[in-house]
Amino acid sequence: MVTVDELFAIDSLLDDTELRIRETVRRFGEQRLRPHVADWFERGTFPARELAPELGELGLLGMHLDGYGCAGTSATEYGLACLELEAVDSGARSMVSVQGSLAMTAIHKYGSEEQKQHWLPDMAAGRALGCFGLTEPDFGSNPGGMRARARRDGADWILDGSKMWITNGSVADVAVVWARAEEGVRGFLVPAGTPGFAAREMHHKLSLRASITAELDLDGVRLPGDALLPGARGLSGPLACLSEARFGIVFGALGAARDCLLATIDYARTREVFDKPLAGYQLTQAKLADMALELGKGQLLALHLGRLKDRGEVRPEQVSAGKLNSTREALAIARECRTVLGANGITLDYPVLRHANNLESVLTYEGTAEVHQLVLGEALTGANAFR
């Protein structure tokens with residue numbers, strides 16, 4: 001028997017540091033997260049504040065950023081960490097991704113030196129959590145339609161509006177909030193507890209249940225002038241942060257797919273149907289072979305994109321191709337695995353349907369499948385078909 005990694009000789013493409021980081025995160029996931037994740041999912045909770053210092057100690061928060069207590073790893077190393085976290089649950093990877101690729105990246109890339117010094121060391125260590133307020137109730141795929149407004153009042157700024165589907169929102173110490181000002185879209189750092197700012201946790205989710213999701217309300221929130229992220233002007237700022245998060249998903253979604261496939265192969269080898277193991281039937285082997293092929297191809301594409309990103313050569317449409325492929329194929333794998341497990345596949349005794357439910361969200365956030373199809377379509381034809 002061989003694993004998908006062995007079938008595609010994945011380890012031969014990784015250096016010693018990459019293998020060590022992958023093993024460290026895999027061990028943390030198996031020992032610290034997996035024993036509890038089914039219960040977190042069932043109860044609709046995630047101990048983000050409890051886990052953040054442990055993730056910080058491992059160097060996983062903002063790990064691809066340089067300085068300010070960040071680990072300064074390569075993009076590929078960050079991707080491998082995302083894969084191992086999402087192999088346990090998409091919620092765990094989402095927490096790390098929002099903290100590092102969205103909130104910390106926004107501050108690191110667009111913040112003043114004072115903002116970086118104030119927030120990034122604590123965020124890298126897990127002593128402070130951040131969230132990223134871009135999506136609104138009526139504007140997800142079209143962030144340019146945002147209704148949140150920022151207006152000057154003397155030296156201060158006044159923010160009004162709402163944001164929705166915000167990971168870490170109700171437990172964050174600081175929210176990176178994007179709002180439309182007279183000169184265009186601007187980013188602001190809104191500390192928790194600021195008068196007029198409220199974060200309410202969202203419930204009744206059927207996906208990403210082991211994750212904190214919130215709605216943010218801003219009602220006359222007064223901020224000092226130095227709350228503005230000075231380096232970001234226009235939608236290019238938040239969209240660049242989203243590209244960082246999408247890159248992590250390229251790897252992460254494949255972790256969920258791998259976990260589904262491993263659980264399914266193990267089940268098929270031990271489950272007897274008509275007096276022989278389920279794995280001994282041609283139809284079952286055909287399903288497993290097809291899923292392994294798509295998972296292996298996805299991993300090879302993810303690693304290729306990681307190498308391009310490490311060389312500073314990756315283009316946004318290439319990240320879109322990776323995100324589209326990984327999420328679409330991972331969801332298809334999770335659904336197919338459920339058919340092999342039969343009725344057992346719908347329980348939390350196995351990870352398959354939990355991953356499938358999560359991947360419904362992962363397919364959608366940081367750009368829906370349709371959005372990324374249009375990104376690729378524009379790149380191929382030169383014609384913008386978004387409107």
# chains A, B, ... in the order shown; residues from 1 in each chain; ligands from 1
>>> closest_atom_pairs(of="stretch 214-272 of chain A", to="stretch 318-324 of chain A", cutoff="7 Å", atoms="only C-alpha atoms", output="Markdown table")
| residue | atom | partner | partner_atom | distance |
| --- | --- | --- | --- | --- |
| A:Arg246 | CA | A:Lys323 | CA | 6.2 |
| A:Phe247 | CA | A:Val319 | CA | 6.0 |
| A:Ile249 | CA | A:Lys323 | CA | 6.2 |
| A:Val250 | CA | A:Lys323 | CA | 4.7 |
>>> write_last_selection(atoms="all heavy atoms", output="PDB file, in the first residue's frame")
ATOM      1  N   ARG A 246      -6.112  33.493  -0.196  1.00  0.00           N
ATOM      2  CA  ARG A 246      -6.438  32.485  -1.208  1.00  0.00           C
ATOM      3  C   ARG A 246      -5.290  31.515  -1.403  1.00  0.00           C
ATOM      4  O   ARG A 246      -5.497  30.319  -1.630  1.00  0.00           O
ATOM      5  CB  ARG A 246      -6.768  33.169  -2.541  1.00  0.00           C
ATOM      6  CG  ARG A 246      -8.088  33.910  -2.555  1.00  0.00           C
ATOM      7  CD  ARG A 246      -8.189  34.809  -3.758  1.00  0.00           C
ATOM      8  NE  ARG A 246      -9.422  35.583  -3.736  1.00  0.00           N
ATOM      9  CZ  ARG A 246      -9.585  36.746  -4.323  1.00  0.00           C
ATOM     10  NH1 ARG A 246      -8.573  37.283  -5.018  1.00  0.00           N
ATOM     11  NH2 ARG A 246     -10.737  37.389  -4.253  1.00  0.00           N
ATOM     12  N   PHE A 247      -4.074  32.036  -1.335  1.00  0.00           N
ATOM     13  CA  PHE A 247      -2.922  31.158  -1.511  1.00  0.00           C
ATOM     14  C   PHE A 247      -2.912  30.074  -0.435  1.00  0.00           C
ATOM     15  O   PHE A 247      -2.634  28.904  -0.723  1.00  0.00           O
ATOM     16  CB  PHE A 247      -1.626  31.968  -1.456  1.00  0.00           C
ATOM     17  CG  PHE A 247      -0.394  31.116  -1.489  1.00  0.00           C
ATOM     18  CD1 PHE A 247       0.068  30.586  -2.684  1.00  0.00           C
ATOM     19  CD2 PHE A 247       0.288  30.806  -0.320  1.00  0.00           C
ATOM     20  CE1 PHE A 247       1.191  29.768  -2.715  1.00  0.00           C
ATOM     21  CE2 PHE A 247       1.412  29.997  -0.342  1.00  0.00           C
ATOM     22  CZ  PHE A 247       1.864  29.479  -1.546  1.00  0.00           C
ATOM     23  N   ILE A 249      -5.451  28.810   1.012  1.00  0.00           N
ATOM     24  CA  ILE A 249      -6.543  27.886   0.717  1.00  0.00           C
ATOM     25  C   ILE A 249      -6.138  26.892  -0.366  1.00  0.00           C
ATOM     26  O   ILE A 249      -6.594  25.738  -0.369  1.00  0.00           O
ATOM     27  CB  ILE A 249      -7.800  28.664   0.306  1.00  0.00           C
ATOM     28  CG1 ILE A 249      -8.325  29.473   1.493  1.00  0.00           C
ATOM     29  CG2 ILE A 249      -8.898  27.726  -0.195  1.00  0.00           C
ATOM     30  CD1 ILE A 249      -9.430  30.448   1.127  1.00  0.00           C
ATOM     31  N   VAL A 250      -5.297  27.317  -1.298  1.00  0.00           N
ATOM     32  CA  VAL A 250      -4.827  26.410  -2.351  1.00  0.00           C
ATOM     33  C   VAL A 250      -4.259  25.137  -1.725  1.00  0.00           C
ATOM     34  O   VAL A 250      -4.524  24.018  -2.178  1.00  0.00           O
ATOM     35  CB  VAL A 250      -3.769  27.099  -3.235  1.00  0.00           C
ATOM     36  CG1 VAL A 250      -3.175  26.103  -4.229  1.00  0.00           C
ATOM     37  CG2 VAL A 250      -4.364  28.290  -3.970  1.00  0.00           C
TER      38      VAL A 250
END
>>> select_by_dssp(residues="stretch 271-330 of chain A", states="strand (DSSP E)", output="MDAnalysis selection string")
chainID A and resid 272:273 276:277
>>> write_last_selection(atoms="C-alpha atoms", output="PDB file, in the first residue's frame")
ATOM      1  CA  GLU A 272     -16.937  -6.166   4.924  1.00  0.00           C
ATOM      2  CA  VAL A 273     -19.716  -6.216   2.354  1.00  0.00           C
ATOM      3  CA  LYS A 276     -15.232  -9.443   1.592  1.00  0.00           C
ATOM      4  CA  PRO A 277     -13.658  -6.037   2.288  1.00  0.00           C
TER       5      PRO A 277
END
>>> residues_around(residues="A:Met95", least_positions_apart="4", cutoff="8 Å", atoms="only C-alpha atoms", output="PDB file with N, CA, C and O atoms, in the first residue's frame")
ATOM      1  N   ALA A  48     -10.517  29.821  20.206  1.00  0.00           N
ATOM      2  CA  ALA A  48      -9.501  30.600  19.505  1.00  0.00           C
ATOM      3  C   ALA A  48      -8.526  31.268  20.473  1.00  0.00           C
ATOM      4  O   ALA A  48      -7.312  31.235  20.263  1.00  0.00           O
ATOM      5  N   GLY A  91     -11.854  25.120  10.067  1.00  0.00           N
ATOM      6  CA  GLY A  91     -11.942  26.186  11.047  1.00  0.00           C
ATOM      7  C   GLY A  91     -10.595  26.549  11.631  1.00  0.00           C
ATOM      8  O   GLY A  91     -10.310  27.740  11.864  1.00  0.00           O
ATOM      9  N   GLN A  99      -5.926  35.540  10.832  1.00  0.00           N
ATOM     10  CA  GLN A  99      -4.976  36.245  11.681  1.00  0.00           C
ATOM     11  C   GLN A  99      -3.751  36.708  10.888  1.00  0.00           C
ATOM     12  O   GLN A  99      -3.362  37.882  10.950  1.00  0.00           O
ATOM     13  N   THR A 167     -14.639  36.050  10.319  1.00  0.00           N
ATOM     14  CA  THR A 167     -13.964  35.055  11.161  1.00  0.00           C
ATOM     15  C   THR A 167     -13.172  35.756  12.260  1.00  0.00           C
ATOM     16  O   THR A 167     -12.497  36.760  12.006  1.00  0.00           O
ATOM     17  N   ASN A 168     -13.251  35.228  13.467  1.00  0.00           N
ATOM     18  CA  ASN A 168     -12.577  35.756  14.660  1.00  0.00           C
ATOM     19  C   ASN A 168     -13.214  37.051  15.168  1.00  0.00           C
ATOM     20  O   ASN A 168     -12.738  37.627  16.150  1.00  0.00           O
ATOM     21  N   SER A 211     -15.540  27.219  14.235  1.00  0.00           N
ATOM     22  CA  SER A 211     -14.939  28.487  13.842  1.00  0.00           C
ATOM     23  C   SER A 211     -15.813  29.610  14.375  1.00  0.00           C
ATOM     24  O   SER A 211     -17.043  29.473  14.422  1.00  0.00           O
TER      25      SER A 211
END
>>> closest_residue(among="A:His108, A:His355, A:Arg186, A:Arg271", to="A:Ala256", atoms="only C-alpha atoms")
A:His355
>>> residues_around(residues="A:Leu288", least_positions_apart="5", cutoff="9 Å", atoms="only C-alpha atoms", output="ChimeraX atom specification")
/A:261,264-265,279,283,293,336-337
>>> select_by_dssp(residues="stretch 247-378 of chain A", states="helix (DSSP H, G or I)", output="ChimeraX atom specification")
/A:247-270,278-280,282-310,316-346,352-364,369-378
>>> closest_atom_pairs(of="stretch 215-293 of chain A", to="stretch 135-144 of chain A", cutoff="12 Å", atoms="only C-alpha atoms", output="Markdown table")
| residue | atom | partner | partner_atom | distance |
| --- | --- | --- | --- | --- |
| A:Glu215 | CA | A:Glu136 | CA | 8.8 |
| A:Leu216 | CA | A:Glu136 | CA | 9.1 |
| A:Asp217 | CA | A:Glu136 | CA | 10.3 |
| A:Leu218 | CA | A:Glu136 | CA | 11.9 |
| A:Gly234 | CA | A:Gly144 | CA | 9.2 |
| A:Leu235 | CA | A:Gly144 | CA | 7.1 |
| A:Ser236 | CA | A:Gly144 | CA | 10.4 |
| A:Gly237 | CA | A:Pro143 | CA | 11.8 |
| A:Pro238 | CA | A:Pro143 | CA | 9.3 |
| A:Leu239 | CA | A:Pro143 | CA | 9.1 |
| A:Leu242 | CA | A:Thr135 | CA | 11.2 |
>>> closest_residue(among="A:Leu223, A:Leu363, A:Leu189, A:Val174", to="A:Asp156", atoms="only C-alpha atoms")
A:Leu223
>>> atom_distance(atom1="atom CA of A:Pro230", atom2="atom CA of A:Ala192")
20.4 Å
>>> residues_around(residues="stretch 4-16 of chain A", least_positions_apart="6", cutoff="12 Å", atoms="only C-alpha atoms", output="number ranges by chain")
A: 22-23, 74, 76-77, 80, 254-255, 257-259, 261-262, 265, 288-304, 306-307
>>> closest_residue(among="A:Cys260, A:Val314, A:Ala155, A:Leu208", to="A:Val362", atoms="only C-alpha atoms")
A:Leu208
>>> residues_around(residues="A:Asp122", least_positions_apart="4", cutoff="12 Å", atoms="only C-alpha atoms", output="list in words")
Ala52, Pro53, Gly56, Glu57, Leu61, Gly62, Tyr68, Gly69, Cys70, Gln99, Met104, Gln115, Lys116, Gln117, His118, Gly126, Arg127, Ala128, Leu129, Gly130, Asp173 and Val174 of chain A
>>> write_last_selection(atoms="all heavy atoms", output="short mmCIF file (atom, residue, chain, number, x, y, z; two decimals), in the first residue's frame")
data_model
loop_
_atom_site.label_atom_id
_atom_site.label_comp_id
_atom_site.auth_asym_id
_atom_site.auth_seq_id
_atom_site.Cartn_x
_atom_site.Cartn_y
_atom_site.Cartn_z
N ALA A 52 -4.59 30.33 20.50
CA ALA A 52 -3.74 31.32 19.83
C ALA A 52 -2.32 31.36 20.39
O ALA A 52 -1.35 31.37 19.61
CB ALA A 52 -4.38 32.70 19.91
N PRO A 53 -2.11 31.38 21.73
CA PRO A 53 -0.72 31.38 22.22
C PRO A 53 0.07 30.13 21.82
O PRO A 53 1.28 30.21 21.58
CB PRO A 53 -0.89 31.48 23.74
CG PRO A 53 -2.24 32.09 23.94
CD PRO A 53 -3.07 31.55 22.83
N GLY A 56 0.97 30.63 18.28
CA GLY A 56 2.03 31.63 18.24
C GLY A 56 3.37 31.05 18.63
O GLY A 56 4.40 31.37 18.03
N GLU A 57 3.37 30.19 19.63
CA GLU A 57 4.63 29.57 20.07
C GLU A 57 5.23 28.71 18.97
O GLU A 57 6.46 28.61 18.84
CB GLU A 57 4.38 28.73 21.33
CG GLU A 57 5.64 28.18 21.96
CD GLU A 57 5.38 27.46 23.27
OE1 GLU A 57 4.23 27.48 23.74
OE2 GLU A 57 6.34 26.88 23.83
N LEU A 61 1.48 32.09 13.35
CA LEU A 61 0.65 33.28 13.17
C LEU A 61 1.45 34.36 12.44
O LEU A 61 2.44 34.86 12.95
CB LEU A 61 0.14 33.79 14.52
CG LEU A 61 -0.67 32.77 15.33
CD1 LEU A 61 -1.10 33.36 16.66
CD2 LEU A 61 -1.88 32.29 14.53
N GLY A 62 1.01 34.69 11.23
CA GLY A 62 1.78 35.60 10.39
C GLY A 62 3.13 35.02 10.03
O GLY A 62 4.10 35.76 9.84
N TYR A 68 9.02 41.86 13.49
CA TYR A 68 7.95 42.07 14.46
C TYR A 68 7.51 40.77 15.14
O TYR A 68 6.35 40.59 15.50
CB TYR A 68 6.74 42.73 13.78
CG TYR A 68 7.09 43.96 13.01
CD1 TYR A 68 7.27 43.91 11.63
CD2 TYR A 68 7.29 45.19 13.66
CE1 TYR A 68 7.62 45.04 10.91
CE2 TYR A 68 7.65 46.32 12.95
CZ TYR A 68 7.81 46.25 11.58
OH TYR A 68 8.17 47.37 10.86
N GLY A 69 8.46 39.87 15.34
CA GLY A 69 8.16 38.61 15.99
C GLY A 69 7.62 37.54 15.08
O GLY A 69 7.30 36.43 15.54
N CYS A 70 7.49 37.83 13.78
CA CYS A 70 6.98 36.84 12.82
C CYS A 70 8.10 35.90 12.38
O CYS A 70 9.27 36.26 12.38
CB CYS A 70 6.37 37.54 11.61
SG CYS A 70 5.02 38.67 12.01
N GLN A 99 -5.93 35.54 10.83
CA GLN A 99 -4.98 36.24 11.68
C GLN A 99 -3.75 36.71 10.89
O GLN A 99 -3.36 37.88 10.95
CB GLN A 99 -4.52 35.33 12.82
CG GLN A 99 -3.45 35.90 13.74
CD GLN A 99 -3.98 36.77 14.84
OE1 GLN A 99 -5.12 37.22 14.79
NE2 GLN A 99 -3.18 37.02 15.86
N MET A 104 -2.96 40.55 9.94
CA MET A 104 -1.56 40.90 10.12
C MET A 104 -0.93 41.39 8.82
O MET A 104 -0.12 42.32 8.83
CB MET A 104 -0.78 39.70 10.68
CG MET A 104 -1.15 39.35 12.11
SD MET A 104 -0.24 37.91 12.74
CE MET A 104 1.42 38.56 12.85
N GLN A 115 1.91 51.51 14.14
CA GLN A 115 0.88 50.46 14.13
C GLN A 115 1.49 49.07 14.12
O GLN A 115 1.02 48.16 14.82
CB GLN A 115 -0.03 50.65 12.91
CG GLN A 115 -0.92 51.88 12.99
CD GLN A 115 -1.61 52.18 11.67
OE1 GLN A 115 -1.13 51.80 10.59
NE2 GLN A 115 -2.73 52.88 11.72
N LYS A 116 2.54 48.90 13.33
CA LYS A 116 3.20 47.60 13.27
C LYS A 116 3.79 47.23 14.62
O LYS A 116 3.63 46.09 15.11
CB LYS A 116 4.29 47.61 12.20
CG LYS A 116 3.77 47.81 10.79
CD LYS A 116 4.93 47.94 9.80
CE LYS A 116 4.46 48.32 8.42
NZ LYS A 116 5.58 48.50 7.46
N GLN A 117 4.49 48.16 15.24
CA GLN A 117 5.12 47.89 16.53
C GLN A 117 4.08 47.62 17.61
O GLN A 117 4.30 46.80 18.51
CB GLN A 117 6.00 49.08 16.95
CG GLN A 117 7.22 49.32 16.07
CD GLN A 117 8.31 48.29 16.28
OE1 GLN A 117 8.21 47.42 17.16
NE2 GLN A 117 9.35 48.37 15.47
N HIS A 118 2.95 48.30 17.52
CA HIS A 118 1.92 48.14 18.56
C HIS A 118 1.21 46.79 18.46
O HIS A 118 0.95 46.16 19.48
CB HIS A 118 0.90 49.27 18.44
CG HIS A 118 -0.19 49.20 19.47
ND1 HIS A 118 -0.01 49.61 20.76
CD2 HIS A 118 -1.48 48.74 19.39
CE1 HIS A 118 -1.12 49.41 21.45
NE2 HIS A 118 -2.03 48.89 20.63
N GLY A 126 0.21 35.41 19.53
CA GLY A 126 -1.11 34.93 19.92
C GLY A 126 -1.67 35.62 21.15
O GLY A 126 -2.68 35.18 21.71
N ARG A 127 -1.01 36.69 21.59
CA ARG A 127 -1.54 37.45 22.73
C ARG A 127 -2.68 38.37 22.31
O ARG A 127 -3.45 38.83 23.16
CB ARG A 127 -0.42 38.27 23.39
CG ARG A 127 0.66 37.43 24.05
CD ARG A 127 1.65 38.31 24.81
NE ARG A 127 2.40 39.19 23.91
CZ ARG A 127 3.57 38.90 23.39
NH1 ARG A 127 4.15 37.73 23.64
NH2 ARG A 127 4.20 39.77 22.60
N ALA A 128 -2.75 38.66 21.03
CA ALA A 128 -3.82 39.49 20.48
C ALA A 128 -4.34 38.84 19.21
O ALA A 128 -3.57 38.27 18.44
CB ALA A 128 -3.34 40.91 20.19
N LEU A 129 -5.65 38.92 19.00
CA LEU A 129 -6.26 38.37 17.81
C LEU A 129 -6.80 39.49 16.94
O LEU A 129 -7.22 40.54 17.45
CB LEU A 129 -7.41 37.42 18.18
CG LEU A 129 -7.02 36.08 18.79
CD1 LEU A 129 -8.25 35.29 19.19
CD2 LEU A 129 -6.16 35.27 17.83
N GLY A 130 -6.81 39.25 15.63
CA GLY A 130 -7.33 40.23 14.69
C GLY A 130 -8.39 39.63 13.80
O GLY A 130 -8.51 38.40 13.68
N ASP A 173 -9.11 41.35 19.17
CA ASP A 173 -8.71 42.55 19.89
C ASP A 173 -8.68 43.76 18.98
O ASP A 173 -8.77 44.90 19.45
CB ASP A 173 -7.32 42.34 20.50
CG ASP A 173 -7.30 41.20 21.51
OD1 ASP A 173 -7.75 41.42 22.64
OD2 ASP A 173 -6.86 40.09 21.14
N VAL A 174 -8.54 43.52 17.68
CA VAL A 174 -8.53 44.62 16.72
C VAL A 174 -9.16 44.13 15.42
O VAL A 174 -8.95 42.99 14.99
CB VAL A 174 -7.09 45.14 16.46
CG1 VAL A 174 -6.21 44.04 15.85
CG2 VAL A 174 -7.10 46.37 15.58
#
>>> atom_distance(atom1="atom CA of A:Ser162", atom2="atom CA of A:Arg200")
11.1 Å
>>> residues_around(residues="A:Gly67", least_positions_apart="4", cutoff="9 Å", atoms="only C-alpha atoms", output="list in words")
Ala71, Gly72, Leu120 and Pro121 of chain A
>>> write_last_selection(atoms="all heavy atoms", output="PDB file, in the first residue's frame")
ATOM      1  N   ALA A  71       7.714  34.692  11.987  1.00  0.00           N
ATOM      2  CA  ALA A  71       8.703  33.649  11.712  1.00  0.00           C
ATOM      3  C   ALA A  71       9.479  33.880  10.425  1.00  0.00           C
ATOM      4  O   ALA A  71      10.599  33.392  10.270  1.00  0.00           O
ATOM      5  CB  ALA A  71       8.029  32.284  11.664  1.00  0.00           C
ATOM      6  N   GLY A  72       8.884  34.571   9.451  1.00  0.00           N
ATOM      7  CA  GLY A  72       9.578  34.838   8.201  1.00  0.00           C
ATOM      8  C   GLY A  72       9.822  33.612   7.350  1.00  0.00           C
ATOM      9  O   GLY A  72      10.859  33.486   6.703  1.00  0.00           O
ATOM     10  N   LEU A 120       1.698  43.960  15.794  1.00  0.00           N
ATOM     11  CA  LEU A 120       2.210  42.722  15.199  1.00  0.00           C
ATOM     12  C   LEU A 120       2.920  41.790  16.170  1.00  0.00           C
ATOM     13  O   LEU A 120       2.695  40.561  16.109  1.00  0.00           O
ATOM     14  CB  LEU A 120       3.105  43.048  14.004  1.00  0.00           C
ATOM     15  CG  LEU A 120       2.378  43.627  12.776  1.00  0.00           C
ATOM     16  CD1 LEU A 120       3.357  43.932  11.660  1.00  0.00           C
ATOM     17  CD2 LEU A 120       1.290  42.674  12.293  1.00  0.00           C
ATOM     18  N   PRO A 121       3.780  42.262  17.077  1.00  0.00           N
ATOM     19  CA  PRO A 121       4.416  41.306  17.990  1.00  0.00           C
ATOM     20  C   PRO A 121       3.413  40.525  18.836  1.00  0.00           C
ATOM     21  O   PRO A 121       3.555  39.302  19.012  1.00  0.00           O
ATOM     22  CB  PRO A 121       5.314  42.197  18.855  1.00  0.00           C
ATOM     23  CG  PRO A 121       5.623  43.374  17.981  1.00  0.00           C
ATOM     24  CD  PRO A 121       4.348  43.620  17.223  1.00  0.00           C
TER      25      PRO A 121
END
>>> closest_residue(among="A:Ala148, A:Ala81, A:Ala175, A:Glu244", to="A:Arg26", atoms="only C-alpha atoms")
A:Ala81
